[in-house]
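Structure data follow from run-v1.pdb (PDB, C-alpha atoms, pLDDT in the B column):
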```
ATOM      1  CA  MET A   1     -38.512  66.803   0.564  1.00 52.00           C
ATOM      2  CA  CYS A   2     -39.159  66.051  -2.999  1.00 54.00           C
ATOM      3  CA  SER A   3     -38.453  68.585  -5.727  1.00 60.00           C
ATOM      4  CA  CYS A   4     -42.128  69.269  -5.835  1.00 58.00           C
ATOM      5  CA  GLY A   5     -42.248  70.017  -2.114  1.00 60.00           C
ATOM      6  CA  CYS A   6     -43.880  66.720  -0.932  1.00 53.00           C
ATOM      7  CA  PRO A   7     -42.766  65.476   2.492  1.00 53.00           C
ATOM      8  CA  LYS A   8     -40.348  62.531   2.494  1.00 51.00           C
ATOM      9  CA  VAL A   9     -40.649  59.773   5.108  1.00 49.00           C
ATOM     10  CA  GLU A  10     -37.784  57.250   5.615  1.00 49.00           C
ATOM     11  CA  ARG A  11     -38.195  53.938   7.360  1.00 49.00           C
ATOM     12  CA  TYR A  12     -36.124  50.770   7.860  1.00 47.00           C
ATOM     13  CA  THR A  13     -37.410  47.841   5.802  1.00 50.00           C
ATOM     14  CA  GLY A  14     -35.388  45.042   7.466  1.00 50.00           C
ATOM     15  CA  LYS A  15     -34.798  43.269   4.154  1.00 50.00           C
ATOM     16  CA  GLY A  16     -31.720  41.067   3.678  1.00 50.00           C
ATOM     17  CA  ASN A  17     -28.948  39.934   5.975  1.00 48.00           C
ATOM     18  CA  GLY A  18     -26.947  42.897   7.243  1.00 47.00           C
ATOM     19  CA  VAL A  19     -28.390  45.158   4.535  1.00 44.00           C
ATOM     20  CA  LYS A  20     -30.311  48.266   5.396  1.00 44.00           C
ATOM     21  CA  SER A  21     -32.144  50.244   2.812  1.00 43.00           C
ATOM     22  CA  SER A  22     -34.396  53.149   3.130  1.00 43.00           C
ATOM     23  CA  LEU A  23     -37.576  53.748   1.275  1.00 44.00           C
ATOM     24  CA  ALA A  24     -38.622  57.214   0.495  1.00 45.00           C
ATOM     25  CA  GLU A  25     -42.235  57.828   0.324  1.00 45.00           C
ATOM     26  CA  TYR A  26     -43.296  60.835  -1.597  1.00 44.00           C
ATOM     27  CA  GLN A  27     -46.733  62.135  -1.445  1.00 46.00           C
ATOM     28  CA  HIS A  28     -47.712  63.339  -4.809  1.00 48.00           C
ATOM     29  CA  GLY A  29     -51.112  64.387  -5.745  1.00 50.00           C
ATOM     30  CA  HIS A  30     -51.809  61.157  -7.570  1.00 45.00           C
ATOM     31  CA  GLY A  31     -51.002  58.660  -4.800  1.00 49.00           C
ATOM     32  CA  ASP A  32     -47.963  56.981  -3.224  1.00 49.00           C
ATOM     33  CA  LEU A  33     -44.759  56.549  -5.143  1.00 48.00           C
ATOM     34  CA  ARG A  34     -42.257  54.399  -3.292  1.00 50.00           C
ATOM     35  CA  ALA A  35     -38.674  54.024  -4.471  1.00 49.00           C
ATOM     36  CA  GLU A  36     -35.487  52.679  -2.948  1.00 49.00           C
ATOM     37  CA  VAL A  37     -33.286  55.698  -2.487  1.00 50.00           C
ATOM     38  CA  ALA A  38     -29.784  54.499  -1.553  1.00 50.00           C
ATOM     39  CA  PRO A  39     -29.073  51.068  -0.167  1.00 53.00           C
ATOM     40  CA  PHE A  40     -26.131  51.032   2.180  1.00 57.00           C
ATOM     41  CA  TYR A  41     -24.325  47.953   3.427  1.00 57.00           C
ATOM     42  CA  THR A  42     -22.202  47.519   6.518  1.00 57.00           C
ATOM     43  CA  LYS A  43     -19.789  44.580   6.542  1.00 53.00           C
ATOM     44  CA  LEU A  44     -19.680  42.466   9.654  1.00 54.00           C
ATOM     45  CA  PRO A  45     -16.523  43.007  11.777  1.00 54.00           C
ATOM     46  CA  GLU A  46     -15.171  39.461  11.224  1.00 55.00           C
ATOM     47  CA  ILE A  47     -15.440  39.901   7.478  1.00 53.00           C
ATOM     48  CA  LEU A  48     -13.541  43.172   7.685  1.00 51.00           C
ATOM     49  CA  ALA A  49     -10.729  41.546   9.683  1.00 51.00           C
ATOM     50  CA  TYR A  50     -10.456  38.543   7.342  1.00 52.00           C
ATOM     51  CA  ASP A  51      -8.756  39.409   4.063  1.00 55.00           C
ATOM     52  CA  ASN A  52      -7.237  36.033   2.987  1.00 57.00           C
ATOM     53  CA  PRO A  53      -9.871  33.983   1.177  1.00 57.00           C
ATOM     54  CA  GLU A  54      -7.113  31.748  -0.287  1.00 59.00           C
ATOM     55  CA  GLY A  55      -6.122  30.551   3.220  1.00 59.00           C
ATOM     56  CA  ASP A  56      -9.274  28.487   3.518  1.00 65.00           C
ATOM     57  CA  ASN A  57      -8.296  26.504   0.466  1.00 77.00           C
ATOM     58  CA  GLN A  58      -4.815  25.517   1.660  1.00 82.00           C
ATOM     59  CA  PHE A  59      -6.104  22.837   4.020  1.00 84.00           C
ATOM     60  CA  MET A  60      -8.476  21.444   1.413  1.00 85.00           C
ATOM     61  CA  ARG A  61      -5.725  21.406  -1.212  1.00 88.00           C
ATOM     62  CA  ALA A  62      -3.421  19.492   1.139  1.00 90.00           C
ATOM     63  CA  LEU A  63      -6.201  17.045   1.948  1.00 92.00           C
ATOM     64  CA  ALA A  64      -6.965  16.512  -1.738  1.00 93.00           C
ATOM     65  CA  LEU A  65      -3.265  15.986  -2.484  1.00 95.00           C
ATOM     66  CA  LEU A  66      -3.028  13.428   0.314  1.00 96.00           C
ATOM     67  CA  LEU A  67      -6.091  11.607  -1.025  1.00 96.00           C
ATOM     68  CA  VAL A  68      -4.671  11.501  -4.571  1.00 97.00           C
ATOM     69  CA  ALA A  69      -1.335  10.165  -3.255  1.00 97.00           C
ATOM     70  CA  ALA A  70      -3.135   7.451  -1.262  1.00 96.00           C
ATOM     71  CA  ILE A  71      -5.103   6.398  -4.352  1.00 95.00           C
ATOM     72  CA  ILE A  72      -1.933   6.213  -6.439  1.00 94.00           C
ATOM     73  CA  LEU A  73      -0.138   4.127  -3.803  1.00 92.00           C
ATOM     74  CA  PHE A  74      -3.107   1.771  -3.546  1.00 91.00           C
ATOM     75  CA  GLY A  75      -3.088   1.381  -7.343  1.00 88.00           C
ATOM     76  CA  VAL A  76       0.629   0.591  -7.336  1.00 86.00           C
ATOM     77  CA  TYR A  77       0.073  -1.999  -4.613  1.00 83.00           C
ATOM     78  CA  GLN A  78      -2.834  -3.635  -6.430  1.00 80.00           C
ATOM     79  CA  PHE A  79      -1.289  -3.800  -9.876  1.00 77.00           C
ATOM     80  CA  TYR A  80       2.397  -4.354  -9.198  1.00 73.00           C
ATOM     81  CA  LEU A  81       3.127  -5.763  -5.759  1.00 67.00           C
ATOM     82  CA  LYS A  82       0.310  -8.306  -5.787  1.00 65.00           C
ATOM     83  CA  LYS A  83       1.461  -9.552  -9.175  1.00 63.00           C
ATOM     84  CA  LEU A  84       5.107 -10.170  -8.347  1.00 55.00           C
ATOM     85  CA  PRO A  85       6.647 -13.083 -10.164  1.00 54.00           C
ATOM     86  CA  VAL A  86       6.820 -16.298  -8.219  1.00 53.00           C
ATOM     87  CA  THR A  87       9.631 -18.829  -8.333  1.00 61.00           C
ATOM     88  CA  ASP A  88       7.329 -21.853  -8.445  1.00 66.00           C
ATOM     89  CA  GLN A  89       3.813 -22.227  -9.797  1.00 66.00           C
ATOM     90  CA  GLY A  90       1.212 -21.910  -7.042  1.00 64.00           C
ATOM     91  CA  THR A  91       3.499 -20.295  -4.476  1.00 72.00           C
ATOM     92  CA  ALA A  92       3.130 -16.859  -2.964  1.00 71.00           C
ATOM     93  CA  PRO A  93       5.548 -14.039  -3.849  1.00 70.00           C
ATOM     94  CA  THR A  94       6.647 -13.933  -0.211  1.00 73.00           C
ATOM     95  CA  GLN A  95       7.879 -17.534  -0.507  1.00 80.00           C
ATOM     96  CA  ALA A  96      10.434 -16.585  -3.166  1.00 80.00           C
ATOM     97  CA  ILE A  97      13.086 -15.695  -0.573  1.00 82.00           C
ATOM     98  CA  SER A  98      12.567 -18.922   1.359  1.00 86.00           C
ATOM     99  CA  LEU A  99      12.613 -21.069  -1.770  1.00 87.00           C
ATOM    100  CA  THR A 100      15.789 -19.353  -2.994  1.00 87.00           C
ATOM    101  CA  GLY A 101      17.421 -20.115   0.357  1.00 89.00           C
ATOM    102  CA  VAL A 102      16.263 -23.744   0.179  1.00 92.00           C
ATOM    103  CA  ARG A 103      17.713 -24.092  -3.345  1.00 91.00           C
ATOM    104  CA  THR A 104      21.003 -22.595  -2.153  1.00 92.00           C
ATOM    105  CA  ASP A 105      21.114 -25.025   0.778  1.00 93.00           C
ATOM    106  CA  LEU A 106      20.417 -27.969  -1.535  1.00 93.00           C
ATOM    107  CA  LEU A 107      23.312 -26.973  -3.789  1.00 94.00           C
ATOM    108  CA  LYS A 108      25.650 -26.576  -0.780  1.00 93.00           C
ATOM    109  CA  ILE A 109      24.678 -29.995   0.585  1.00 93.00           C
ATOM    110  CA  ALA A 110      25.027 -31.623  -2.860  1.00 93.00           C
ATOM    111  CA  GLU A 111      28.451 -30.050  -3.376  1.00 93.00           C
ATOM    112  CA  ALA A 112      29.624 -31.184   0.079  1.00 92.00           C
ATOM    113  CA  GLU A 113      28.336 -34.693  -0.666  1.00 93.00           C
ATOM    114  CA  ARG A 114      30.168 -34.778  -4.026  1.00 92.00           C
ATOM    115  CA  VAL A 115      33.431 -33.716  -2.354  1.00 91.00           C
ATOM    116  CA  HIS A 116      32.947 -36.318   0.417  1.00 91.00           C
ATOM    117  CA  ILE A 117      32.308 -39.108  -2.111  1.00 90.00           C
ATOM    118  CA  ALA A 118      35.357 -38.029  -4.155  1.00 90.00           C
ATOM    119  CA  THR A 119      37.678 -38.002  -1.116  1.00 91.00           C
ATOM    120  CA  ASN A 120      36.262 -40.905   0.936  1.00 88.00           C
ATOM    121  CA  GLY A 121      34.609 -43.103  -1.679  1.00 87.00           C
ATOM    122  CA  ASN A 122      31.335 -43.377   0.239  1.00 88.00           C
ATOM    123  CA  CYS A 123      28.188 -41.372   0.855  1.00 89.00           C
ATOM    124  CA  ALA A 124      27.758 -39.455   4.120  1.00 90.00           C
ATOM    125  CA  THR A 125      24.680 -38.446   6.069  1.00 89.00           C
ATOM    126  CA  LEU A 126      23.825 -34.825   6.675  1.00 88.00           C
ATOM    127  CA  ASP A 127      25.038 -35.024  10.295  1.00 88.00           C
ATOM    128  CA  GLU A 128      28.380 -36.499   9.169  1.00 89.00           C
ATOM    129  CA  LEU A 129      28.874 -33.678   6.655  1.00 89.00           C
ATOM    130  CA  VAL A 130      28.193 -31.041   9.314  1.00 88.00           C
ATOM    131  CA  SER A 131      30.380 -32.721  11.978  1.00 88.00           C
ATOM    132  CA  SER A 132      33.304 -33.132   9.560  1.00 88.00           C
ATOM    133  CA  ASN A 133      33.096 -29.398   8.676  1.00 87.00           C
ATOM    134  CA  SER A 134      32.459 -30.275   5.027  1.00 86.00           C
ATOM    135  CA  LEU A 135      29.198 -28.366   5.339  1.00 87.00           C
ATOM    136  CA  SER A 136      28.609 -25.265   7.416  1.00 87.00           C
ATOM    137  CA  MET A 137      24.949 -25.301   8.419  1.00 83.00           C
ATOM    138  CA  ALA A 138      23.696 -24.418  11.862  1.00 75.00           C
ATOM    139  CA  ARG A 139      20.619 -26.631  11.537  1.00 78.00           C
ATOM    140  CA  PRO A 140      19.339 -29.084   8.948  1.00 78.00           C
ATOM    141  CA  GLU A 141      16.174 -27.122   8.132  1.00 86.00           C
ATOM    142  CA  ARG A 142      14.998 -23.735   6.839  1.00 88.00           C
ATOM    143  CA  ASP A 143      11.538 -22.102   7.057  1.00 88.00           C
ATOM    144  CA  GLY A 144       9.730 -25.409   7.564  1.00 89.00           C
ATOM    145  CA  TYR A 145      11.811 -27.349   5.014  1.00 93.00           C
ATOM    146  CA  SER A 146      13.839 -30.264   6.359  1.00 93.00           C
ATOM    147  CA  TYR A 147      16.792 -31.699   4.452  1.00 94.00           C
ATOM    148  CA  SER A 148      17.749 -35.315   3.968  1.00 92.00           C
ATOM    149  CA  ILE A 149      20.236 -37.316   1.883  1.00 93.00           C
ATOM    150  CA  GLN A 150      19.490 -40.680   0.217  1.00 92.00           C
ATOM    151  CA  CYS A 151      22.511 -42.610  -1.050  1.00 90.00           C
ATOM    152  CA  SER A 152      22.938 -45.501  -3.464  1.00 87.00           C
ATOM    153  CA  GLY A 153      26.623 -46.194  -4.069  1.00 81.00           C
ATOM    154  CA  SER A 154      28.104 -43.028  -5.516  1.00 82.00           C
ATOM    155  CA  ASP A 155      24.689 -41.690  -6.547  1.00 90.00           C
ATOM    156  CA  PHE A 156      22.826 -39.507  -4.098  1.00 93.00           C
ATOM    157  CA  THR A 157      19.755 -37.315  -3.847  1.00 94.00           C
ATOM    158  CA  VAL A 158      19.473 -34.391  -1.468  1.00 94.00           C
ATOM    159  CA  SER A 159      15.864 -33.494  -0.784  1.00 94.00           C
ATOM    160  CA  ALA A 160      14.050 -30.645   0.927  1.00 94.00           C
ATOM    161  CA  GLN A 161      10.592 -31.536   2.188  1.00 94.00           C
ATOM    162  CA  HIS A 162       7.931 -29.315   3.720  1.00 92.00           C
ATOM    163  CA  ALA A 163       4.769 -30.325   5.531  1.00 89.00           C
ATOM    164  CA  PRO A 164       1.688 -29.983   3.303  1.00 87.00           C
ATOM    165  CA  ALA A 165      -0.272 -26.752   3.353  1.00 83.00           C
ATOM    166  CA  PRO A 166      -3.455 -26.652   5.430  1.00 83.00           C
ATOM    167  CA  PRO A 167      -6.616 -27.783   3.638  1.00 85.00           C
ATOM    168  CA  GLY A 168      -8.249 -24.984   1.650  1.00 82.00           C
ATOM    169  CA  SER A 169      -5.032 -22.942   1.465  1.00 79.00           C
ATOM    170  CA  THR A 170      -4.077 -21.402  -1.866  1.00 76.00           C
ATOM    171  CA  ILE A 171      -0.373 -21.639  -0.995  1.00 79.00           C
ATOM    172  CA  ARG A 172       1.569 -24.774  -1.716  1.00 81.00           C
ATOM    173  CA  TYR A 173       4.998 -25.828  -0.532  1.00 86.00           C
ATOM    174  CA  PRO A 174       6.956 -27.591  -3.295  1.00 89.00           C
ATOM    175  CA  ASN A 175       9.289 -30.432  -2.320  1.00 92.00           C
ATOM    176  CA  LEU A 176      12.661 -29.989  -4.013  1.00 93.00           C
ATOM    177  CA  ALA A 177      15.584 -32.311  -4.696  1.00 95.00           C
ATOM    178  CA  ALA A 178      19.108 -32.122  -6.124  1.00 94.00           C
ATOM    179  CA  ASP A 179      21.254 -35.029  -7.281  1.00 90.00           C
ATOM    180  CA  GLN A 180      24.911 -35.611  -8.219  1.00 88.00           C
ATOM    181  CA  THR A 181      24.351 -33.590 -11.438  1.00 90.00           C
ATOM    182  CA  MET A 182      23.707 -30.513  -9.245  1.00 90.00           C
ATOM    183  CA  GLU A 183      20.343 -29.882 -10.876  1.00 92.00           C
ATOM    184  CA  ILE A 184      17.394 -28.929  -8.689  1.00 92.00           C
ATOM    185  CA  HIS A 185      13.963 -30.232  -9.575  1.00 91.00           C
ATOM    186  CA  GLU A 186      10.602 -30.563  -7.906  1.00 89.00           C
ATOM    187  CA  VAL A 187       9.548 -33.933  -6.544  1.00 89.00           C
ATOM    188  CA  ASN A 188       6.127 -35.167  -5.494  1.00 77.00           C
TER     189      ASN A 188
END
```
Show the structure stored in the file as structure tokens.
Amino acid sequence: MCSCGCPKVERYTGKGNGVKSSLAEYQHGHGDLRAEVAPFYTKLPEILAYDNPEGDNQFMRALALLLVAAIILFGVYQFYLKKLPVTDQGTAPTQAISLTGVRTDLLKIAEAERVHIATNGNCATLDELVSSNSLSMARPERDGYSYSIQCSGSDFTVSAQHAPAPPGSTIRYPNLAADQTMEIHEVN
């Protein structure tokens, strides 16, 4: 009842999601006056049991951190590893190890040839150097490069030759040579 003695009627309005409110209707002499008396709200049981709103963010934070790390690693790969210095113009960075090994082999063969010429007075073939234990090489080639020795008196040239790259390839295989001066240079 209202303070003036009018009857009060409550009814459920059904407004909102999980919210119940009651409207009080008061009959006054001048017409209807409707007012929301006291809204009351009941939380759903799963909301009551769940008190850790930060827990939802842990997975997303880890995923975001993983994504940022992947982007940084991709940037490092693009800007540093793809731009590694090369030993020869037009070669790939992955060829640097092979070309260093070929240069080392050329110097070993040239040194063995110099020692053989100094002790025997003549030039020897690659097979003769290996069989006389002047040179310790298991095979006369490395990574597609084959070695050969050309002699002219006491002058010699040790060369490393590779088959040409396939047509349209951006990689090239330089042919290298060393002579009695022990200097390595590229030959055509």
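Among the candidate residues A:Ala70, A:Leu107, A:Ala165, A:Met137, the one lying nearest to His185 in chain A is A:Leu107, with distances computed using all atoms listed in the file.
Here CA of Pro167 in chain A and CA of Gln78 in chain A stand 26.4 Å from one another.
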Test item: axis-aligned box, all listed atoms of range 130-138 of chain A, 8 Å on each side, centre and edges in Å rounded to one decimal, as JSON:
```
{"center_x": 28.5, "center_y": -28.8, "center_z": 8.5, "size_x": 25.6, "size_y": 24.7, "size_z": 23.0}
```
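If you look at CA of Asp179 in chain A and CA of Ser152 in chain A, they are 11.3 Å away from each other.
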Within 9 Å of Lys108 in chain A, counting only C-alpha atoms, which residues qualify if same-chain residues fewer than 5 places away don't, as a PDB file with C-alpha atoms, in the coordinates of the input?
```pdb
ATOM      1  CA  ARG A 103      17.713 -24.092  -3.345  1.00 91.00           C
ATOM      2  CA  GLU A 113      28.336 -34.693  -0.666  1.00 93.00           C
ATOM      3  CA  LEU A 135      29.198 -28.366   5.339  1.00 87.00           C
ATOM      4  CA  SER A 136      28.609 -25.265   7.416  1.00 87.00           C
TER       5      SER A 136
END
```
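Nearest-residue note for Arg139 in chain A: choosing from A:Gly153, A:Asp105, A:Pro164, A:Ile72, the minimum distance belongs to A:Asp105, counting all atoms listed in the file.
Excluding Glu186 in chain A itself and same-chain residues fewer than 6 positions from it, the residues having an atom within 9 Å of it are Pro174, Asn175, Leu176, Ala177 and Ala178 of chain A, counting all atoms listed in the file.
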Kindly save the residues from that selection, with C-alpha atoms included, as a CSV table (one decimal), keeping the file's coordinate frame.
```csv
chain,number,residue,atom,x,y,z
A,174,PRO,CA,7.0,-27.6,-3.3
A,175,ASN,CA,9.3,-30.4,-2.3
A,176,LEU,CA,12.7,-30.0,-4.0
A,177,ALA,CA,15.6,-32.3,-4.7
A,178,ALA,CA,19.1,-32.1,-6.1
```
Which residues are close to Ile149 in chain A, i.e. within 7 Å by only C-alpha atoms, leaving aside same-chain residues fewer than 3 positions away? Reply as a list in words.
Thr125, Leu126, Phe156, Thr157, Val158 and Ser159 of chain A
Which residues, named as in the file, does the PyMOL selection byres ((chain A and resi 143) around 9) pick out? Answer as a PyMOL selection string.
chain A and resi 98-99+102+141-142+144-146+162
Best match for closeness to Ala160 in chain A among A:Thr181, A:Gly101, A:Leu73, A:Arg61, counting only C-alpha atoms
A:Gly101
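If you measure from each of A:Val187, A:Thr91, A:Ser169, A:Cys123 to Ile109 in chain A using only C-alpha atoms, the closest one turns out to be A:Cys123.
Among the candidate residues A:Leu106, A:Ala112, A:Ala69, A:Val76, the one lying nearest to Val130 in chain A is A:Ala112, with distances computed using all atoms listed in the file.
In terms of minimum interatomic distance to Gln161 in chain A, A:Tyr173 ranks closest within A:Phe74, A:Phe59, A:Phe79, A:Tyr173, counting all atoms listed in the file.
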Could you tell me how far CA of Ile117 in chain A sits from CA of Asn133 in chain A, in Å to one decimal place?
14.5 Å
